[in-house]
Each structure stands twice: as structure tokens, then as C-alpha cells.
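Okay, run13.txt is below, compact mmCIF, C-alpha atoms and all ligand atoms:
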# COMPACT_ATOMS: atom_id res chain seq x y z
CA MET A 1 -33.04 -31.29 21.31
CA SER A 2 -29.87 -33.33 21.56
CA ARG A 3 -30.14 -34.91 18.12
CA THR A 4 -27.00 -34.33 16.13
CA GLN A 5 -27.38 -32.52 12.83
CA ARG A 6 -24.61 -32.75 10.26
CA THR A 7 -24.34 -30.19 7.51
CA LYS A 8 -21.76 -29.83 4.78
CA ALA A 9 -21.38 -26.64 2.75
CA PRO A 10 -18.65 -24.23 1.71
CA ALA A 11 -18.14 -21.49 4.26
CA VAL A 12 -16.46 -18.11 3.80
CA ILE A 13 -14.88 -15.77 6.34
CA LEU A 14 -13.67 -12.39 5.10
CA VAL A 15 -12.33 -9.63 7.34
CA HIS A 16 -10.99 -6.11 6.86
CA GLY A 17 -8.75 -3.99 9.05
CA GLY A 18 -10.28 -0.70 7.94
CA VAL A 19 -9.74 1.54 4.96
CA GLY A 20 -6.33 3.12 5.37
CA SER A 21 -4.87 0.18 7.30
CA PRO A 22 -1.50 -0.76 5.78
CA LEU A 23 -1.15 -4.11 4.04
CA SER A 24 1.64 -4.89 6.50
CA TRP A 25 -1.10 -5.38 9.13
CA GLN A 26 -2.53 -8.29 7.17
CA ASP A 27 -1.11 -10.68 9.79
CA GLY A 28 -3.65 -9.26 12.28
CA CYS A 29 -6.48 -9.97 9.82
CA GLN A 30 -5.13 -13.46 9.20
CA LYS A 31 -5.09 -14.19 12.92
CA ALA A 32 -8.71 -13.05 13.17
CA VAL A 33 -9.74 -15.28 10.27
CA GLU A 34 -8.07 -18.29 11.85
CA ALA A 35 -9.81 -17.70 15.19
CA ALA A 36 -13.14 -17.25 13.40
CA ARG A 37 -12.57 -20.45 11.43
CA VAL A 38 -12.11 -22.44 14.65
CA VAL A 39 -15.41 -21.08 15.98
CA LEU A 40 -17.24 -21.76 12.72
CA GLN A 41 -15.92 -25.30 12.52
CA ARG A 42 -16.89 -25.94 16.11
CA THR A 43 -20.34 -24.33 16.14
CA GLY A 44 -21.47 -23.78 12.55
CA ASP A 45 -22.68 -20.37 13.79
CA ALA A 46 -21.84 -17.60 11.29
CA LEU A 47 -22.59 -14.83 13.79
CA ALA A 48 -20.39 -16.33 16.52
CA SER A 49 -17.64 -16.63 13.93
CA ALA A 50 -17.92 -12.99 12.75
CA VAL A 51 -17.95 -11.78 16.37
CA GLU A 52 -14.83 -13.82 17.13
CA ALA A 53 -12.97 -12.31 14.16
CA VAL A 54 -13.76 -8.79 15.32
CA ARG A 55 -13.00 -9.61 18.96
CA VAL A 56 -9.49 -10.73 17.98
CA MET A 57 -8.88 -7.53 15.99
CA GLU A 58 -10.15 -5.41 18.91
CA TYR A 59 -7.30 -6.90 20.96
CA ASP A 60 -4.65 -6.26 18.31
CA GLY A 61 -3.90 -2.64 19.26
CA ARG A 62 -3.01 -1.48 15.73
CA PHE A 63 -6.53 -1.38 14.31
CA ASN A 64 -8.86 1.45 15.25
CA ALA A 65 -11.15 -0.71 17.41
CA GLY A 66 -11.09 -1.96 20.99
CA CYS A 67 -7.77 -1.09 22.65
CA GLY A 68 -6.52 0.44 19.37
CA SER A 69 -9.46 2.87 19.28
CA SER A 70 -8.72 6.43 18.32
CA LEU A 71 -8.70 8.96 21.13
CA ARG A 72 -11.17 11.79 20.77
CA LEU A 73 -10.16 15.44 20.51
CA ASP A 74 -9.16 15.79 24.15
CA GLY A 75 -6.59 13.00 23.82
CA LYS A 76 -8.22 11.09 26.69
CA THR A 77 -11.76 10.11 25.82
CA VAL A 78 -12.35 6.81 24.02
CA GLU A 79 -15.89 6.16 22.78
CA MET A 80 -16.52 3.16 20.55
CA ASP A 81 -19.24 1.85 18.24
CA ALA A 82 -19.95 -1.75 17.24
CA ALA A 83 -22.68 -3.77 15.57
CA VAL A 84 -23.68 -7.32 14.70
CA MET A 85 -26.36 -8.71 12.40
CA ASP A 86 -27.20 -12.01 10.77
CA SER A 87 -29.66 -13.44 8.28
CA ARG A 88 -31.64 -15.14 11.07
CA GLY A 89 -32.69 -11.74 12.40
CA LYS A 90 -30.15 -11.16 15.16
CA LEU A 91 -29.38 -7.44 15.38
CA GLY A 92 -27.49 -5.46 18.02
CA ALA A 93 -25.48 -2.26 18.18
CA VAL A 94 -23.73 -0.06 20.71
CA ALA A 95 -22.68 3.54 20.24
CA VAL A 96 -20.29 5.75 22.23
CA VAL A 97 -19.56 2.95 24.69
CA SER A 98 -16.54 3.38 27.03
CA ASN A 99 -14.36 1.28 29.33
CA VAL A 100 -14.99 -1.85 27.33
CA ARG A 101 -12.28 -4.02 25.83
CA ASN A 102 -14.57 -5.68 23.30
CA PRO A 103 -17.46 -3.48 22.14
CA VAL A 104 -18.46 -6.21 19.67
CA LEU A 105 -19.36 -8.47 22.62
CA VAL A 106 -21.62 -5.74 24.00
CA ALA A 107 -23.28 -5.38 20.58
CA ARG A 108 -23.77 -9.15 20.53
CA ALA A 109 -25.33 -8.97 24.01
CA VAL A 110 -27.69 -6.20 22.86
CA ALA A 111 -28.91 -8.56 20.12
CA ASP A 112 -30.28 -10.79 22.91
CA THR A 113 -32.27 -7.94 24.52
CA PRO A 114 -35.64 -6.50 23.38
CA HIS A 115 -33.67 -3.55 21.92
CA VAL A 116 -31.48 -3.28 18.85
CA ALA A 117 -29.22 -0.41 19.95
CA VAL A 118 -27.97 1.02 23.24
CA ALA A 119 -25.81 4.14 23.49
CA GLY A 120 -23.59 6.17 25.78
CA GLN A 121 -23.61 5.72 29.54
CA GLY A 122 -26.42 3.18 29.26
CA ALA A 123 -24.27 1.01 27.00
CA THR A 124 -21.27 1.35 29.31
CA ALA A 125 -23.43 0.41 32.33
CA LEU A 126 -24.93 -2.53 30.44
CA ALA A 127 -21.44 -3.81 29.64
CA ARG A 128 -20.45 -3.43 33.28
CA GLY A 129 -23.54 -5.32 34.45
CA LEU A 130 -22.85 -8.15 32.01
CA GLY A 131 -19.22 -8.40 33.11
CA LEU A 132 -18.01 -7.16 29.72
CA SER A 133 -16.16 -4.06 30.88
CA GLY A 134 -12.55 -4.03 32.00
CA ALA A 135 -9.60 -1.80 32.60
CA PHE A 136 -9.27 -0.06 29.26
CA ARG A 137 -5.91 1.21 28.15
CA ALA A 138 -5.43 2.84 24.77
CA SER A 139 -2.68 1.13 22.77
CA SER A 140 0.56 2.93 21.89
CA PHE A 141 -0.65 3.00 18.26
CA ALA A 142 -3.78 4.87 19.33
CA ARG A 143 -1.75 7.41 21.30
CA GLU A 144 0.69 7.96 18.42
CA ARG A 145 -2.22 8.48 16.04
CA TRP A 146 -3.66 11.12 18.35
CA ARG A 147 -0.32 12.95 18.55
CA TRP A 148 -0.14 13.07 14.76
CA TRP A 149 -3.60 14.61 14.57
CA GLN A 150 -2.82 17.06 17.31
CA GLY A 151 -0.06 18.48 15.11
CA ALA A 152 -2.15 18.34 11.94
CA LEU A 153 -5.02 20.24 13.54
CA GLN A 154 -2.75 22.92 14.78
CA ARG A 155 -1.41 23.37 11.23
CA ARG A 156 -4.81 22.82 9.53
CA ARG A 157 -3.19 22.39 6.14
CA ALA A 158 -5.28 21.48 3.09
CA GLY A 159 -4.88 17.80 2.28
CA GLU A 160 -3.82 16.99 5.83
CA VAL A 161 -7.03 17.85 7.67
CA PRO A 162 -10.53 17.20 6.26
CA GLU A 163 -12.05 20.26 4.61
CA ALA A 164 -14.95 20.38 7.07
CA TRP A 165 -12.48 20.84 9.92
CA ARG A 166 -10.22 23.45 8.41
CA GLY A 167 -12.39 26.44 9.28
CA PHE A 168 -14.36 24.81 12.09
CA ASP A 169 -14.46 26.77 15.36
CA LEU A 170 -13.44 23.94 17.61
CA ARG A 171 -12.90 26.05 20.70
CA ARG A 172 -16.52 27.22 20.57
CA HIS A 173 -17.84 23.66 20.12
CA TRP A 174 -15.55 22.01 22.66
CA ASN A 175 -17.78 19.54 24.61
CA PHE A 176 -15.26 17.70 26.76
CA PRO A 177 -15.09 18.11 30.52
CA GLY A 178 -11.45 19.24 30.37
CA PRO A 179 -10.32 22.57 28.89
CA TYR A 180 -9.85 23.10 25.17
CA ASP A 181 -6.34 22.39 24.07
CA ALA A 182 -5.77 19.81 21.31
CA LEU A 183 -7.13 17.09 19.04
CA LEU A 184 -7.93 13.96 16.99
CA GLN A 185 -7.40 10.74 14.90
CA PRO A 186 -7.71 8.96 11.50
CA LEU A 187 -9.59 6.09 9.87
CA ASP A 188 -9.84 2.38 10.02
CA THR A 189 -12.27 0.08 11.72
CA VAL A 190 -12.53 -3.65 11.72
CA GLY A 191 -15.23 -5.81 10.19
CA ALA A 192 -16.01 -9.41 9.33
CA VAL A 193 -18.55 -11.05 7.05
CA VAL A 194 -19.27 -14.76 7.16
CA ARG A 195 -21.24 -17.25 5.09
CA GLY A 196 -21.96 -20.18 7.38
CA PRO A 197 -22.22 -23.85 6.47
CA ASP A 198 -26.03 -23.60 6.46
CA GLY A 199 -25.92 -20.78 3.88
CA GLY A 200 -26.72 -18.14 6.52
CA PHE A 201 -24.86 -14.82 6.65
CA ALA A 202 -23.48 -12.67 9.46
CA VAL A 203 -21.59 -9.43 9.91
CA ALA A 204 -19.78 -7.85 12.86
CA SER A 205 -18.07 -4.49 12.96
CA SER A 206 -16.26 -2.35 15.55
CA THR A 207 -14.58 1.05 15.55
CA GLY A 208 -12.99 3.77 17.62
CA GLY A 209 -14.48 6.28 15.14
CA ALA A 210 -13.02 8.56 12.48
CA SER A 211 -11.06 11.71 13.07
CA PRO A 212 -11.60 14.32 14.12
CA MET A 213 -14.23 13.59 16.78
CA LEU A 214 -16.07 15.64 19.34
CA ARG A 215 -17.45 13.88 22.39
CA GLY A 216 -20.54 11.80 21.62
CA ARG A 217 -19.88 11.65 17.88
CA VAL A 218 -21.45 8.54 16.28
CA GLY A 219 -20.31 7.19 12.92
CA ASP A 220 -21.87 4.72 10.50
CA VAL A 221 -20.85 1.54 12.31
CA PRO A 222 -23.86 1.23 14.66
CA PHE A 223 -26.40 2.25 11.98
CA MET A 224 -27.98 -0.69 10.17
CA GLY A 225 -27.80 -0.27 6.40
CA CYS A 226 -24.98 2.28 6.71
CA GLY A 227 -21.96 0.50 8.22
CA PHE A 228 -23.32 -3.04 8.12
CA TYR A 229 -26.10 -5.23 6.77
CA ALA A 230 -26.88 -8.94 6.61
CA GLY A 231 -29.88 -10.78 5.18
CA GLN A 232 -30.80 -13.63 2.89
CA HIS A 233 -28.74 -12.20 0.00
CA GLY A 234 -25.49 -11.87 1.94
CA ALA A 235 -23.56 -9.75 4.42
CA VAL A 236 -21.75 -6.42 4.05
CA ALA A 237 -19.30 -4.50 6.27
CA VAL A 238 -18.22 -0.97 5.42
CA THR A 239 -15.37 1.28 6.55
CA GLY A 240 -14.52 4.91 5.91
CA VAL A 241 -15.75 8.38 6.75
CA GLY A 242 -18.92 7.64 8.72
CA GLU A 243 -20.61 10.97 7.99
CA GLU A 244 -20.33 10.28 4.24
CA ILE A 245 -21.29 6.60 4.51
CA ILE A 246 -24.46 7.41 6.47
CA ARG A 247 -25.59 9.88 3.80
CA ARG A 248 -25.36 7.14 1.17
CA MET A 249 -26.53 4.15 3.32
CA LEU A 250 -23.69 2.28 1.72
CA ALA A 251 -24.09 -1.18 3.26
CA ARG A 252 -27.71 -1.40 2.17
CA VAL A 253 -26.88 -0.13 -1.33
CA ILE A 254 -24.30 -2.90 -1.74
CA TYR A 255 -26.67 -5.48 -0.27
CA ASP A 256 -29.48 -4.45 -2.61
CA ARG A 257 -27.17 -4.75 -5.61
CA MET A 258 -26.37 -8.32 -4.56
CA GLY A 259 -30.10 -8.95 -4.07
CA ALA A 260 -30.62 -7.82 -7.67
CA GLY A 261 -28.10 -10.41 -8.84
CA ALA A 262 -24.80 -8.53 -8.85
CA ALA A 263 -21.67 -10.42 -7.79
CA PRO A 264 -20.31 -9.13 -4.44
CA GLN A 265 -17.18 -7.79 -6.14
CA VAL A 266 -19.27 -5.75 -8.60
CA ALA A 267 -21.57 -4.53 -5.81
CA CYS A 268 -18.59 -3.43 -3.66
CA ASP A 269 -16.88 -1.71 -6.61
CA GLU A 270 -20.07 0.17 -7.47
CA GLY A 271 -20.63 1.15 -3.85
CA VAL A 272 -17.12 2.56 -3.39
CA ALA A 273 -17.42 4.39 -6.74
CA LEU A 274 -20.28 6.46 -5.26
CA PHE A 275 -17.71 8.41 -3.22
CA PRO A 276 -15.37 11.15 -4.40
CA ALA A 277 -11.70 10.15 -4.30
CA GLU A 278 -10.93 12.39 -1.31
CA VAL A 279 -13.39 10.46 0.89
CA ALA A 280 -11.78 7.24 2.15
CA VAL A 281 -14.13 4.27 1.91
CA GLY A 282 -13.96 0.49 1.73
CA ALA A 283 -16.34 -2.45 1.77
CA ILE A 284 -16.32 -6.22 2.05
CA ALA A 285 -19.24 -8.48 1.14
CA VAL A 286 -20.17 -12.11 0.81
CA SER A 287 -23.15 -13.67 -0.96
CA ALA A 288 -24.27 -17.15 -1.94
CA THR A 289 -22.13 -16.90 -5.07
CA GLY A 290 -18.90 -15.27 -3.94
CA GLN A 291 -17.17 -12.50 -2.08
CA GLY A 292 -15.89 -9.00 -2.79
CA VAL A 293 -13.49 -6.37 -1.48
CA ALA A 294 -13.22 -2.77 -2.66
CA ALA A 295 -11.49 0.30 -1.22
CA ASN A 296 -10.13 3.57 -2.51
CA ARG A 297 -7.15 3.38 -0.12
CA GLU A 298 -4.89 0.60 1.11
CA MET A 299 -6.90 -1.84 3.26
CA ALA A 300 -5.56 -4.89 5.10
CA CYS A 301 -7.84 -7.91 4.56
CA ALA A 302 -7.80 -11.68 4.95
CA ASP A 303 -10.18 -14.44 3.98
CA VAL A 304 -10.67 -18.16 4.01
CA ALA A 305 -13.15 -20.39 2.18
CA PHE A 306 -13.49 -24.03 3.13
CA PRO A 307 -15.97 -26.87 3.22
CA VAL A 308 -17.32 -27.39 6.72
CA THR A 309 -18.76 -30.40 8.41
CA VAL A 310 -20.41 -29.37 11.62
CA SER A 311 -21.70 -31.54 14.38
CA LYS A 312 -24.10 -29.61 16.54
CA ALA A 313 -27.04 -30.21 18.78
CA ARG A 314 -30.34 -28.93 17.44
CA GLY A 315 -31.76 -26.09 19.49
CA THR A 316 -28.36 -24.51 20.07
CA ARG A 317 -28.76 -21.05 21.57
CA ARG A 318 -28.50 -18.35 18.92
N1 LIG B 1 -16.59 4.27 9.63
C1 LIG B 1 -15.92 4.56 10.88
C2 LIG B 1 -16.54 5.78 11.49
O1 LIG B 1 -16.81 6.73 10.79
C3 LIG B 1 -14.48 4.74 10.74
C4 LIG B 1 -13.78 3.78 9.84
O2 LIG B 1 -14.38 2.96 9.18
O3 LIG B 1 -12.58 3.81 9.77
O4 LIG B 1 -16.71 5.81 12.69

Will you turn the file into C-alpha cells for me?
Ligand code: ASP
Amino acid sequence: MSRTQRTKAPAVILVHGGVGSPLSWQDGCQKAVEAARVVLQRTGDALASAVEAVRVMEYDGRFNAGCGSSLRLDGKTVEMDAAVMDSRGKLGAVAVVSNVRNPVLVARAVADTPHVAVAGQGATALARGLGLSGAFRASSFARERWRWWQGALQRRRAGEVPEAWRGFDLRRHWNFPGPYDALLQPLDTVGAVVRGPDGGFAVASSTGGASPMLRGRVGDVPFMGCGFYAGQHGAVAVTGVGEEIIRRMLARVIYDRMGAGAAPQVACDEGVALFPAEVAVGAIAVSATGQGVAANREMACADVAFPVTVSKARGTRR
């Protein structure tokens, strides 16, 4: 158990700050990559590294994840989704979790339970029981984003508000405890894909959702094969309009293309091309042969590739 195993192989860490995130936020992605690199160099664990990258971005406040999560239509409710997966078979997701600073840590904890996904109040209670909840305060970015949407939904102009929401009777469908008054928020999410020194792959993803959102809305992020996928051919993280991504099972489509021999860049380009231009979408992927990034909007990203020598005890907890 305590024998030291040394491995040497090129590793890759690639993160995105969500489709629609300005390139000026790249510093936040870079910080996440650096933190993930430290974890990967210390542990050799691709999943721990991907989780660390996302954890750092959840703390940033600009990205739509963790404390930067978009407020739902009532301007108060924050419900988040997150997921993790690796090529060893670890799989965990949370949906509509609240009062948690780092949903990705709750998703990681779910991966150590007999379940693969936990949602709503059960997820929030699980986080509390595991000591993963904390005083949650939406960042100023998140509040500004909500104010913008509040105005946009009152105007309901074409091009400013998604078509599906322009004629939608929101008052009739209002499902928040407070009275109907105002609304929503835009895109971006955070995600990380990692190729570890042993050739294994991992993905982690976290989001505050995509505007506009009723209470209880779940996007693509916690659905395997839609917002994320990892297996022997690589790892994929997706961002964009969850309702559209789910319909196309985008992460699995990109993964299957890589499994059929496509380079990650080609697979990501083809995946994003499946969407009409008005639907924001982005993807990052890593395989044994390379990495890829594609998006039909601006998308802050950062990556690092480096040879790793890891000293670790065999039997390390996964
Ligand atoms: N895909 C996320 C969702 O629909 C949002 C995003 O990626 O920006 O919840």
C-alpha cells in the first residue's frame, strides 16, 4: 500500500469560463489552471485537479457558478448544478442545490455515494451534513446581471430576450414563494477537462444556470452526456443554452467523434456547428492526442500542458 509509484507522462488541464464570458476574464481561468496544476503535480489525480479548477472559478464571482451564480427570476433564489466524471468510473452530479459555496464539491461527494445524482432539498441537506454548505452571498456581478435581465424582460425586445420567452406567460407560471414581479440572467458556466499523467481523463463543471429561469429549472450541466462526459477516449465539458444542449446530447456527440478518431478540435467544431447561430454554445475537450476549444461566442479559456512526475502511494483514495 505504501509503495511509491512514479509515473511520467504529459498532462493537460483546459478550463473554460462559459460561452459568453469576456476574454478579459481569462485571468480567472488562468488562476484556476494554476491551482489545478498544483493538485495534479501533487496527487496525479485528474479528477481532483478538474474539481480544483472549478472550485477556484466558483469563488471568482464573475463567472456564473458558485457565488457568481445567476439569480433566478425572483431576484433572490440561487439554485446551482454541478457534475464530475472520470475515466475510472467516478460519476456524481447535483441539481438545483442551494446555500452551497462550491457545488462542485457536493457533486464530487455524490460520486462517493451509491447514487450518481442528487437534487433539490436533498442535495442541499446532503451538503449541509457533509459540512459543504456555508453562508452564500451572490456576487455583485450576479446581482448586476439580474438587474439587466429584469429590464430586458420588461421590454421583451427581439434579439434581447430569447424567443421562447417573448410571448411566455410568466405571471401564470410563477413558481416562487414571493409574488410575481421581475426576472432573470444570462449564460456562462465553468468547466475543466484534464488528462492526467496516467493517461486517465476527468471533467468537472458547475453553473448557476441560463436565463431566464423558473424555480427548479435544471440545465444540461448535471446530465451525463449532455453537459459533460469522460471515458477512455477523453473528457468533454460543454456550456451554452442547456435546453438546446440536452436535446442534442452534445458532450456525448463530441466524445463519440473523438472515439471514432477525430481530433478534439475537429470534434468540438463539429459539435458547436450543430447549433443555429442564435443559440450560444461552447465546448472544450481533451483526448490522448490533443485538446480542442470551440464556441460561437466569446469564451474565456486557459490551458496548460506539461510533463508530470508524480510520487504517490499506491491505493490512494479515489
Ligand atoms: N449550460 C448552462 C445551463 O443551461 C449554462 C451555461 O453553460 O452557461 O444551465

| query | Suppose you want the space between CA of Arg145 (chain A) and CA of Gly18 (chain A); what is it in Å? | reply |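 Result for CA of Arg145 (chain A) versus CA of Gly18 (chain A): 14.7 Å, one decimal.
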
Identify, counting only C-alpha atoms and all ligand atoms, the protein, DNA and RNA residues located within 10 Å of ligand LIG 1 (chain B), and give them as a PDB file with C-alpha atoms, in the coordinates of the input.
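What ended up in pocket-v7.pdb:
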ATOM      1  CA  HIS A  16     -10.990  -6.110   6.860  1.00  0.00           C
ATOM      2  CA  GLY A  17      -8.750  -3.990   9.050  1.00  0.00           C
ATOM      3  CA  GLY A  18     -10.280  -0.700   7.940  1.00  0.00           C
ATOM      4  CA  VAL A  19      -9.740   1.540   4.960  1.00  0.00           C
ATOM      5  CA  GLY A  20      -6.330   3.120   5.370  1.00  0.00           C
ATOM      6  CA  SER A  21      -4.870   0.180   7.300  1.00  0.00           C
ATOM      7  CA  PHE A  63      -6.530  -1.380  14.310  1.00  0.00           C
ATOM      8  CA  ASN A  64      -8.860   1.450  15.250  1.00  0.00           C
ATOM      9  CA  ALA A  65     -11.150  -0.710  17.410  1.00  0.00           C
ATOM     10  CA  SER A  70      -8.720   6.430  18.320  1.00  0.00           C
ATOM     11  CA  MET A  80     -16.520   3.160  20.550  1.00  0.00           C
ATOM     12  CA  ASP A  81     -19.240   1.850  18.240  1.00  0.00           C
ATOM     13  CA  ALA A  82     -19.950  -1.750  17.240  1.00  0.00           C
ATOM     14  CA  ALA A  95     -22.680   3.540  20.240  1.00  0.00           C
ATOM     15  CA  PRO A 186      -7.710   8.960  11.500  1.00  0.00           C
ATOM     16  CA  LEU A 187      -9.590   6.090   9.870  1.00  0.00           C
ATOM     17  CA  ASP A 188      -9.840   2.380  10.020  1.00  0.00           C
ATOM     18  CA  THR A 189     -12.270   0.080  11.720  1.00  0.00           C
ATOM     19  CA  VAL A 190     -12.530  -3.650  11.720  1.00  0.00           C
ATOM     20  CA  GLY A 191     -15.230  -5.810  10.190  1.00  0.00           C
ATOM     21  CA  SER A 205     -18.070  -4.490  12.960  1.00  0.00           C
ATOM     22  CA  SER A 206     -16.260  -2.350  15.550  1.00  0.00           C
ATOM     23  CA  THR A 207     -14.580   1.050  15.550  1.00  0.00           C
ATOM     24  CA  GLY A 208     -12.990   3.770  17.620  1.00  0.00           C
ATOM     25  CA  GLY A 209     -14.480   6.280  15.140  1.00  0.00           C
ATOM     26  CA  ALA A 210     -13.020   8.560  12.480  1.00  0.00           C
ATOM     27  CA  SER A 211     -11.060  11.710  13.070  1.00  0.00           C
ATOM     28  CA  PRO A 212     -11.600  14.320  14.120  1.00  0.00           C
ATOM     29  CA  MET A 213     -14.230  13.590  16.780  1.00  0.00           C
ATOM     30  CA  ARG A 217     -19.880  11.650  17.880  1.00  0.00           C
ATOM     31  CA  VAL A 218     -21.450   8.540  16.280  1.00  0.00           C
ATOM     32  CA  GLY A 219     -20.310   7.190  12.920  1.00  0.00           C
ATOM     33  CA  ASP A 220     -21.870   4.720  10.500  1.00  0.00           C
ATOM     34  CA  VAL A 221     -20.850   1.540  12.310  1.00  0.00           C
ATOM     35  CA  PRO A 222     -23.860   1.230  14.660  1.00  0.00           C
ATOM     36  CA  CYS A 226     -24.980   2.280   6.710  1.00  0.00           C
ATOM     37  CA  GLY A 227     -21.960   0.500   8.220  1.00  0.00           C
ATOM     38  CA  ALA A 237     -19.300  -4.500   6.270  1.00  0.00           C
ATOM     39  CA  VAL A 238     -18.220  -0.970   5.420  1.00  0.00           C
ATOM     40  CA  THR A 239     -15.370   1.280   6.550  1.00  0.00           C
ATOM     41  CA  GLY A 240     -14.520   4.910   5.910  1.00  0.00           C
ATOM     42  CA  VAL A 241     -15.750   8.380   6.750  1.00  0.00           C
ATOM     43  CA  GLY A 242     -18.920   7.640   8.720  1.00  0.00           C
ATOM     44  CA  GLU A 243     -20.610  10.970   7.990  1.00  0.00           C
ATOM     45  CA  GLU A 244     -20.330  10.280   4.240  1.00  0.00           C
ATOM     46  CA  ILE A 245     -21.290   6.600   4.510  1.00  0.00           C
ATOM     47  CA  ILE A 246     -24.460   7.410   6.470  1.00  0.00           C
ATOM     48  CA  ALA A 280     -11.780   7.240   2.150  1.00  0.00           C
ATOM     49  CA  VAL A 281     -14.130   4.270   1.910  1.00  0.00           C
ATOM     50  CA  GLY A 282     -13.960   0.490   1.730  1.00  0.00           C
ATOM     51  CA  ALA A 283     -16.340  -2.450   1.770  1.00  0.00           C
TER      52      ALA A 283
END

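Counting only C-alpha atoms, the residue from A:Leu153, A:Cys67, A:Val110, A:Ala192 that sits nearest to Val15 (chain A) is A:Ala192.
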
| Which polymer residues have any atom within 12 Å of an atom of Glu34 (chain A), counting all atoms listed in the file, with same-chain residues fewer than 5 positions away left out, as a ChimeraX atom specification? | /A:12-15,27-29,39-41,49-50,52-54,56-57,302-306

Write to file, as an mmCIF file, keeping the file's coordinate frame, the residues of the selection just made, with C-alpha atoms.
data_model
loop_
_atom_site.group_PDB
_atom_site.id
_atom_site.type_symbol
_atom_site.label_atom_id
_atom_site.label_comp_id
_atom_site.auth_asym_id
_atom_site.auth_seq_id
_atom_site.Cartn_x
_atom_site.Cartn_y
_atom_site.Cartn_z
ATOM 1 C CA VAL A 12 -16.460 -18.110 3.800
ATOM 2 C CA ILE A 13 -14.880 -15.770 6.340
ATOM 3 C CA LEU A 14 -13.670 -12.390 5.100
ATOM 4 C CA VAL A 15 -12.330 -9.630 7.340
ATOM 5 C CA ASP A 27 -1.110 -10.680 9.790
ATOM 6 C CA GLY A 28 -3.650 -9.260 12.280
ATOM 7 C CA CYS A 29 -6.480 -9.970 9.820
ATOM 8 C CA VAL A 39 -15.410 -21.080 15.980
ATOM 9 C CA LEU A 40 -17.240 -21.760 12.720
ATOM 10 C CA GLN A 41 -15.920 -25.300 12.520
ATOM 11 C CA SER A 49 -17.640 -16.630 13.930
ATOM 12 C CA ALA A 50 -17.920 -12.990 12.750
ATOM 13 C CA GLU A 52 -14.830 -13.820 17.130
ATOM 14 C CA ALA A 53 -12.970 -12.310 14.160
ATOM 15 C CA VAL A 54 -13.760 -8.790 15.320
ATOM 16 C CA VAL A 56 -9.490 -10.730 17.980
ATOM 17 C CA MET A 57 -8.880 -7.530 15.990
ATOM 18 C CA ALA A 302 -7.800 -11.680 4.950
ATOM 19 C CA ASP A 303 -10.180 -14.440 3.980
ATOM 20 C CA VAL A 304 -10.670 -18.160 4.010
ATOM 21 C CA ALA A 305 -13.150 -20.390 2.180
ATOM 22 C CA PHE A 306 -13.490 -24.030 3.130
#

| request: Select, from A:Lys76, A:Gly199, A:Phe176, A:Phe223, the residue with the minimum atom-to-atom distance to Ala117 (chain A), counting all atoms listed in the file. | output: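 For Ala117 (chain A), the nearest of the candidates is A:Phe223.
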
| note | CA of Gln30 (chain A) sits from CA of Ala300 (chain A) at a separation of 9.5 Å
